[in-house]
Amino acid sequence: MGVATKAAIGGAGIIQIRSKPITVRALTELAIKVAAAVREVNPETKVVIDDRVDVAAALMAKHNIHGVHIGQDDLDPRLAREVLGPDAIIGLTTGTLKLVENANSYADVIDYVGAGPFRPTPTKNSGREPLGVAGYSPLVEASQVPVVAIGDVHAEDAADLAATGVAGVAIVRGFMQAADPAAAARQVKQAFNSDATPAPHNAE
(Lines give C-alpha, C1' and ligand atoms only; values in the text may rest on other atoms or scores of the structure.)
Protein backbone atom coordinates (compact mmCIF):
# COMPACT_ATOMS: atom_id res chain seq x y z
CA MET A 1 0.00 0.00 0.00
CA GLY A 2 1.42 3.40 -0.99
CA VAL A 3 2.35 6.23 1.34
CA ALA A 4 -0.50 8.39 0.03
CA THR A 5 -3.13 5.77 0.84
CA LYS A 6 -1.67 5.15 4.28
CA ALA A 7 -1.75 8.89 4.99
CA ALA A 8 -5.36 8.98 3.82
CA ILE A 9 -6.22 6.10 6.14
CA GLY A 10 -4.73 8.18 8.97
CA GLY A 11 -7.02 11.08 8.11
CA ALA A 12 -4.91 13.33 5.87
CA GLY A 13 -7.16 16.13 4.65
CA ILE A 14 -5.43 16.67 1.32
CA ILE A 15 -2.97 14.62 -0.72
CA GLN A 16 -0.93 16.63 -3.19
CA ILE A 17 0.37 14.87 -6.31
CA ARG A 18 3.85 16.22 -6.93
CA SER A 19 6.61 14.56 -8.93
CA LYS A 20 9.45 16.39 -10.68
CA PRO A 21 10.80 15.98 -13.26
CA ILE A 22 7.97 14.14 -14.94
CA THR A 23 6.11 14.31 -18.23
CA VAL A 24 2.54 15.53 -18.34
CA ARG A 25 1.36 12.09 -19.41
CA ALA A 26 3.22 10.37 -16.58
CA LEU A 27 1.88 12.91 -14.08
CA THR A 28 -1.64 12.30 -15.34
CA GLU A 29 -1.28 8.54 -15.01
CA LEU A 30 0.19 8.90 -11.51
CA ALA A 31 -2.60 11.24 -10.44
CA ILE A 32 -5.33 8.89 -11.66
CA LYS A 33 -3.75 5.94 -9.86
CA VAL A 34 -3.17 7.75 -6.56
CA ALA A 35 -6.57 9.46 -6.59
CA ALA A 36 -8.38 6.16 -7.12
CA ALA A 37 -6.44 4.48 -4.31
CA VAL A 38 -7.07 7.39 -1.94
CA ARG A 39 -10.79 7.42 -2.69
CA GLU A 40 -11.01 3.71 -1.95
CA VAL A 41 -9.53 3.99 1.55
CA ASN A 42 -10.87 7.43 2.55
CA PRO A 43 -13.42 9.25 0.37
CA GLU A 44 -13.11 12.31 2.62
CA THR A 45 -9.47 12.94 1.63
CA LYS A 46 -9.10 15.48 -1.18
CA VAL A 47 -6.48 15.16 -3.92
CA VAL A 48 -4.84 18.13 -5.64
CA ILE A 49 -2.25 18.48 -8.39
CA ASP A 50 0.94 20.49 -7.90
CA ASP A 51 1.45 23.33 -10.42
CA ARG A 52 -0.39 21.84 -13.41
CA VAL A 53 -3.78 23.49 -13.70
CA ASP A 54 -4.27 21.81 -17.09
CA VAL A 55 -3.87 18.32 -15.61
CA ALA A 56 -6.20 19.14 -12.72
CA ALA A 57 -8.80 20.50 -15.14
CA ALA A 58 -8.61 17.38 -17.29
CA LEU A 59 -9.12 15.05 -14.34
CA MET A 60 -11.53 16.83 -12.01
CA ALA A 61 -14.74 15.66 -13.65
CA LYS A 62 -14.09 11.92 -13.53
CA HIS A 63 -11.07 11.17 -11.37
CA ASN A 64 -11.30 12.22 -7.68
CA ILE A 65 -9.09 15.28 -8.30
CA HIS A 66 -10.26 18.30 -6.34
CA GLY A 67 -7.96 21.14 -7.35
CA VAL A 68 -4.44 22.44 -7.62
CA HIS A 69 -1.60 23.96 -5.64
CA ILE A 70 0.24 26.63 -7.63
CA GLY A 71 3.47 28.54 -7.14
CA GLN A 72 4.42 32.14 -7.72
CA ASP A 73 5.50 31.42 -11.31
CA ASP A 74 2.51 29.28 -12.27
CA LEU A 75 -0.82 30.29 -13.80
CA ASP A 76 -2.41 33.38 -12.25
CA PRO A 77 -4.80 32.30 -9.49
CA ARG A 78 -7.72 34.15 -11.08
CA LEU A 79 -7.20 32.32 -14.35
CA ALA A 80 -6.84 29.06 -12.45
CA ARG A 81 -10.21 29.69 -10.79
CA GLU A 82 -11.79 30.46 -14.16
CA VAL A 83 -10.43 27.21 -15.59
CA LEU A 84 -11.21 24.97 -12.61
CA GLY A 85 -14.52 26.44 -11.50
CA PRO A 86 -15.98 27.51 -8.16
CA ASP A 87 -15.71 24.17 -6.36
CA ALA A 88 -12.00 23.52 -6.92
CA ILE A 89 -9.45 23.77 -4.11
CA ILE A 90 -6.74 26.28 -5.02
CA GLY A 91 -3.65 26.84 -2.89
CA LEU A 92 -0.88 29.36 -3.55
CA THR A 93 2.72 29.18 -2.34
CA THR A 94 4.06 32.16 -0.40
CA GLY A 95 6.70 32.41 2.32
CA THR A 96 7.38 36.03 3.16
CA LEU A 97 5.22 38.78 4.60
CA LYS A 98 5.27 40.58 1.26
CA LEU A 99 4.16 37.46 -0.62
CA VAL A 100 1.37 36.84 1.87
CA GLU A 101 0.19 40.42 1.58
CA ASN A 102 0.28 40.14 -2.21
CA ALA A 103 -1.72 36.92 -1.99
CA ASN A 104 -4.48 38.82 -0.18
CA SER A 105 -5.42 40.31 -3.54
CA TYR A 106 -6.44 36.77 -4.53
CA ALA A 107 -8.31 36.02 -1.31
CA ASP A 108 -11.58 35.73 -3.22
CA VAL A 109 -10.25 32.99 -5.53
CA ILE A 110 -7.80 30.95 -3.41
CA ASP A 111 -8.55 28.70 -0.47
CA TYR A 112 -5.23 28.82 1.38
CA VAL A 113 -1.60 29.90 1.10
CA GLY A 114 1.34 27.62 1.71
CA ALA A 115 4.06 29.49 3.59
CA GLY A 116 7.64 28.34 3.95
CA PRO A 117 10.09 26.93 4.12
CA PHE A 118 9.67 26.02 7.77
CA ARG A 119 13.25 24.74 7.73
CA PRO A 120 15.72 24.12 4.87
CA THR A 121 14.47 21.32 2.66
CA PRO A 122 16.17 19.24 -0.04
CA THR A 123 12.92 18.72 -1.97
CA LYS A 124 12.65 22.32 -3.17
CA ASN A 125 14.99 25.34 -3.03
CA SER A 126 12.78 28.40 -2.88
CA GLY A 127 15.59 30.85 -2.16
CA ARG A 128 13.67 32.14 0.87
CA GLU A 129 14.98 32.13 4.42
CA PRO A 130 13.51 29.44 6.69
CA LEU A 131 10.69 30.76 8.86
CA GLY A 132 11.01 28.55 11.92
CA VAL A 133 8.11 28.39 14.34
CA ALA A 134 8.42 32.09 15.21
CA GLY A 135 7.97 33.18 11.61
CA TYR A 136 4.40 31.98 11.19
CA SER A 137 2.36 34.09 13.57
CA PRO A 138 2.97 37.35 11.64
CA LEU A 139 2.02 35.63 8.38
CA VAL A 140 -1.15 34.19 9.91
CA GLU A 141 -2.09 37.63 11.21
CA ALA A 142 -1.50 39.25 7.82
CA SER A 143 -3.22 36.63 5.67
CA GLN A 144 -6.87 36.84 4.69
CA VAL A 145 -6.96 33.09 3.96
CA PRO A 146 -5.77 30.08 5.98
CA VAL A 147 -1.99 29.55 6.13
CA VAL A 148 -0.40 26.11 5.74
CA ALA A 149 3.20 25.57 6.89
CA ILE A 150 5.42 23.97 4.25
CA GLY A 151 9.10 23.03 3.94
CA ASP A 152 10.56 20.00 5.75
CA VAL A 153 7.78 19.87 8.30
CA HIS A 154 7.52 16.64 10.32
CA ALA A 155 4.62 15.23 12.28
CA GLU A 156 6.48 16.09 15.49
CA ASP A 157 6.37 19.80 14.51
CA ALA A 158 2.60 19.90 14.13
CA ALA A 159 1.68 20.87 17.69
CA ASP A 160 4.15 23.77 17.83
CA LEU A 161 3.03 25.00 14.43
CA ALA A 162 -0.65 24.66 15.31
CA ALA A 163 -0.03 26.98 18.25
CA THR A 164 1.03 29.74 15.80
CA GLY A 165 -2.40 29.76 14.20
CA VAL A 166 -1.56 27.98 10.96
CA ALA A 167 -4.43 25.94 9.58
CA GLY A 168 -2.37 22.92 8.62
CA VAL A 169 0.99 21.55 7.57
CA ALA A 170 2.29 20.07 4.31
CA ILE A 171 4.62 17.11 4.76
CA VAL A 172 6.73 15.22 2.20
CA ARG A 173 9.76 13.43 3.66
CA GLY A 174 8.09 13.09 7.04
CA PHE A 175 5.60 10.76 5.39
CA MET A 176 7.86 9.15 2.83
CA GLN A 177 10.30 8.13 5.56
CA ALA A 178 7.77 7.37 8.29
CA ALA A 179 7.58 3.81 9.58
CA ASP A 180 3.81 4.29 9.88
CA PRO A 181 2.42 7.09 7.65
CA ALA A 182 -1.10 6.49 8.96
CA ALA A 183 0.03 7.07 12.53
CA ALA A 184 1.91 10.20 11.43
CA ALA A 185 -1.25 11.53 9.79
CA ARG A 186 -3.25 10.88 12.95
CA GLN A 187 -0.60 12.71 14.99
CA VAL A 188 -0.82 15.74 12.72
CA LYS A 189 -4.59 15.72 12.74
CA GLN A 190 -4.72 15.58 16.53
CA ALA A 191 -2.50 18.68 16.72
CA PHE A 192 -5.15 20.84 15.07
CA ASN A 193 -8.66 21.79 16.06
CA SER A 194 -11.47 19.93 14.34
CA ASP A 195 -12.42 23.07 12.43
CA ALA A 196 -8.95 23.60 10.96
CA THR A 197 -8.35 23.58 7.20
CA PRO A 198 -7.25 20.10 6.03
CA ALA A 199 -3.49 19.80 5.85
CA PRO A 200 -1.97 18.97 2.47
CA HIS A 201 0.34 15.97 2.24
CA ASN A 202 2.49 15.41 -0.83
CA ALA A 203 2.64 12.13 -2.70
CA GLU A 204 5.74 11.76 -4.83
# chains A, B, ... in the order shown; residues from 1 in each chain; ligands from 1

$ closest_atom_pairs --of "range 90-147 of chain A" --to "range 79-83 of chain A" --cutoff "8 Å" --atoms "only C-alpha atoms" --output "tab-separated table"
residue	atom	partner	partner_atom	distance
A:Ile90	CA	A:Arg81	CA	7.5
A:Val109	CA	A:Arg81	CA	6.2
A:Ile110	CA	A:Arg81	CA	7.9

$ residues_around --residues "Glu40 in chain A" --least-positions-apart "4" --cutoff "9 Å" --atoms "only C-alpha atoms" --output "NGL selection string"
:A and (5 or 35-36)

$ write_last_selection --atoms "all heavy atoms" --output "mmCIF file, in the first residue's frame"
data_model
loop_
_atom_site.group_PDB
_atom_site.id
_atom_site.type_symbol
_atom_site.label_atom_id
_atom_site.label_comp_id
_atom_site.auth_asym_id
_atom_site.auth_seq_id
_atom_site.Cartn_x
_atom_site.Cartn_y
_atom_site.Cartn_z
ATOM 1 N N THR A 5 -1.946 6.449 0.313
ATOM 2 C CA THR A 5 -3.131 5.774 0.837
ATOM 3 C C THR A 5 -3.031 5.565 2.342
ATOM 4 O O THR A 5 -4.029 5.681 3.056
ATOM 5 C CB THR A 5 -3.353 4.426 0.128
ATOM 6 O OG1 THR A 5 -2.151 3.644 0.189
ATOM 7 C CG2 THR A 5 -3.723 4.636 -1.325
ATOM 8 N N ALA A 35 -5.241 8.961 -6.959
ATOM 9 C CA ALA A 35 -6.566 9.456 -6.593
ATOM 10 C C ALA A 35 -7.557 8.318 -6.398
ATOM 11 O O ALA A 35 -8.368 8.348 -5.466
ATOM 12 C CB ALA A 35 -7.073 10.428 -7.655
ATOM 13 N N ALA A 36 -7.477 7.314 -7.256
ATOM 14 C CA ALA A 36 -8.379 6.164 -7.122
ATOM 15 C C ALA A 36 -8.094 5.391 -5.840
ATOM 16 O O ALA A 36 -9.021 4.975 -5.131
ATOM 17 C CB ALA A 36 -8.230 5.250 -8.337
#

$ select_by_dssp --residues "range 50-199 of chain A" --states "strand (DSSP E or B)" --output "ChimeraX atom specification"
/A:50,67-70,89-94,112-115,147-149,168-169,171

$ write_last_selection --atoms "N, CA, C and O atoms" --output "PDB file, in the first residue's frame"
ATOM      1  N   ASP A  50      -0.035  19.419  -8.074  1.00  0.00           N
ATOM      2  CA  ASP A  50       0.944  20.490  -7.903  1.00  0.00           C
ATOM      3  C   ASP A  50       1.211  21.169  -9.245  1.00  0.00           C
ATOM      4  O   ASP A  50       1.533  20.500 -10.237  1.00  0.00           O
ATOM      5  N   GLY A  67      -8.499  19.804  -7.136  1.00  0.00           N
ATOM      6  CA  GLY A  67      -7.955  21.135  -7.345  1.00  0.00           C
ATOM      7  C   GLY A  67      -6.471  21.126  -7.601  1.00  0.00           C
ATOM      8  O   GLY A  67      -5.906  20.141  -8.080  1.00  0.00           O
ATOM      9  N   VAL A  68      -5.837  22.232  -7.249  1.00  0.00           N
ATOM     10  CA  VAL A  68      -4.445  22.441  -7.621  1.00  0.00           C
ATOM     11  C   VAL A  68      -3.740  23.278  -6.563  1.00  0.00           C
ATOM     12  O   VAL A  68      -4.369  24.070  -5.850  1.00  0.00           O
ATOM     13  N   HIS A  69      -2.428  23.059  -6.442  1.00  0.00           N
ATOM     14  CA  HIS A  69      -1.599  23.957  -5.645  1.00  0.00           C
ATOM     15  C   HIS A  69      -0.605  24.600  -6.596  1.00  0.00           C
ATOM     16  O   HIS A  69       0.151  23.895  -7.278  1.00  0.00           O
ATOM     17  N   ILE A  70      -0.597  25.926  -6.665  1.00  0.00           N
ATOM     18  CA  ILE A  70       0.240  26.631  -7.628  1.00  0.00           C
ATOM     19  C   ILE A  70       1.278  27.490  -6.933  1.00  0.00           C
ATOM     20  O   ILE A  70       1.103  27.920  -5.794  1.00  0.00           O
ATOM     21  N   ILE A  89     -10.381  23.296  -5.137  1.00  0.00           N
ATOM     22  CA  ILE A  89      -9.454  23.769  -4.110  1.00  0.00           C
ATOM     23  C   ILE A  89      -8.263  24.399  -4.818  1.00  0.00           C
ATOM     24  O   ILE A  89      -7.663  23.777  -5.703  1.00  0.00           O
ATOM     25  N   ILE A  90      -7.909  25.618  -4.442  1.00  0.00           N
ATOM     26  CA  ILE A  90      -6.744  26.283  -5.022  1.00  0.00           C
ATOM     27  C   ILE A  90      -5.878  26.817  -3.897  1.00  0.00           C
ATOM     28  O   ILE A  90      -6.327  27.623  -3.078  1.00  0.00           O
ATOM     29  N   GLY A  91      -4.632  26.340  -3.847  1.00  0.00           N
ATOM     30  CA  GLY A  91      -3.653  26.841  -2.894  1.00  0.00           C
ATOM     31  C   GLY A  91      -2.557  27.576  -3.629  1.00  0.00           C
ATOM     32  O   GLY A  91      -2.255  27.270  -4.786  1.00  0.00           O
ATOM     33  N   LEU A  92      -1.932  28.535  -2.960  1.00  0.00           N
ATOM     34  CA  LEU A  92      -0.875  29.356  -3.551  1.00  0.00           C
ATOM     35  C   LEU A  92       0.332  29.393  -2.620  1.00  0.00           C
ATOM     36  O   LEU A  92       0.191  29.677  -1.428  1.00  0.00           O
ATOM     37  N   THR A  93       1.504  29.133  -3.147  1.00  0.00           N
ATOM     38  CA  THR A  93       2.722  29.180  -2.342  1.00  0.00           C
ATOM     39  C   THR A  93       3.143  30.616  -2.066  1.00  0.00           C
ATOM     40  O   THR A  93       3.161  31.464  -2.970  1.00  0.00           O
ATOM     41  N   THR A  94       3.482  30.877  -0.794  1.00  0.00           N
ATOM     42  CA  THR A  94       4.063  32.162  -0.395  1.00  0.00           C
ATOM     43  C   THR A  94       5.282  31.850   0.473  1.00  0.00           C
ATOM     44  O   THR A  94       5.920  30.849   0.268  1.00  0.00           O
ATOM     45  N   TYR A 112      -6.262  28.762   0.361  1.00  0.00           N
ATOM     46  CA  TYR A 112      -5.225  28.824   1.382  1.00  0.00           C
ATOM     47  C   TYR A 112      -3.913  29.247   0.739  1.00  0.00           C
ATOM     48  O   TYR A 112      -3.775  29.225  -0.490  1.00  0.00           O
ATOM     49  N   VAL A 113      -2.971  29.663   1.570  1.00  0.00           N
ATOM     50  CA  VAL A 113      -1.604  29.897   1.099  1.00  0.00           C
ATOM     51  C   VAL A 113      -0.684  28.934   1.826  1.00  0.00           C
ATOM     52  O   VAL A 113      -0.851  28.667   3.021  1.00  0.00           O
ATOM     53  N   GLY A 114       0.270  28.388   1.094  1.00  0.00           N
ATOM     54  CA  GLY A 114       1.342  27.617   1.707  1.00  0.00           C
ATOM     55  C   GLY A 114       2.487  28.567   1.996  1.00  0.00           C
ATOM     56  O   GLY A 114       2.885  29.349   1.113  1.00  0.00           O
ATOM     57  N   ALA A 115       3.005  28.552   3.196  1.00  0.00           N
ATOM     58  CA  ALA A 115       4.058  29.488   3.592  1.00  0.00           C
ATOM     59  C   ALA A 115       5.278  28.724   4.096  1.00  0.00           C
ATOM     60  O   ALA A 115       5.169  27.890   4.997  1.00  0.00           O
ATOM     61  N   VAL A 147      -3.411  29.736   6.427  1.00  0.00           N
ATOM     62  CA  VAL A 147      -1.993  29.545   6.127  1.00  0.00           C
ATOM     63  C   VAL A 147      -1.608  28.106   6.464  1.00  0.00           C
ATOM     64  O   VAL A 147      -1.937  27.602   7.540  1.00  0.00           O
ATOM     65  N   VAL A 148      -0.909  27.465   5.539  1.00  0.00           N
ATOM     66  CA  VAL A 148      -0.403  26.112   5.739  1.00  0.00           C
ATOM     67  C   VAL A 148       1.118  26.159   5.756  1.00  0.00           C
ATOM     68  O   VAL A 148       1.735  26.731   4.851  1.00  0.00           O
ATOM     69  N   ALA A 149       1.737  25.590   6.774  1.00  0.00           N
ATOM     70  CA  ALA A 149       3.199  25.571   6.887  1.00  0.00           C
ATOM     71  C   ALA A 149       3.773  24.511   5.960  1.00  0.00           C
ATOM     72  O   ALA A 149       3.310  23.368   5.941  1.00  0.00           O
ATOM     73  N   GLY A 168      -2.796  24.276   8.930  1.00  0.00           N
ATOM     74  CA  GLY A 168      -2.368  22.924   8.615  1.00  0.00           C
ATOM     75  C   GLY A 168      -0.899  22.898   8.266  1.00  0.00           C
ATOM     76  O   GLY A 168      -0.215  23.935   8.282  1.00  0.00           O
ATOM     77  N   VAL A 169      -0.406  21.721   7.953  1.00  0.00           N
ATOM     78  CA  VAL A 169       0.991  21.548   7.566  1.00  0.00           C
ATOM     79  C   VAL A 169       1.055  20.644   6.338  1.00  0.00           C
ATOM     80  O   VAL A 169       0.238  19.743   6.166  1.00  0.00           O
ATOM     81  N   ILE A 171       3.504  17.988   4.401  1.00  0.00           N
ATOM     82  CA  ILE A 171       4.621  17.107   4.757  1.00  0.00           C
ATOM     83  C   ILE A 171       4.965  16.214   3.575  1.00  0.00           C
ATOM     84  O   ILE A 171       4.073  15.617   2.968  1.00  0.00           O
TER      85      ILE A 171
END

$ closest_residue --among "A:Ile49, A:Lys98, A:Pro43, A:Ile150" --to "Arg18 in chain A" --atoms "only C-alpha atoms"
A:Ile49

$ residues_around --residues "Val41 in chain A" --least-positions-apart "6" --cutoff "9 Å" --atoms "only C-alpha atoms" --output "PyMOL selection string"
chain A and resi 5-6+8-9

$ closest_residue --among "A:Val172, A:Val38, A:Leu59, A:Ile65" --to "Gly10 in chain A" --atoms "only C-alpha atoms"
A:Val38
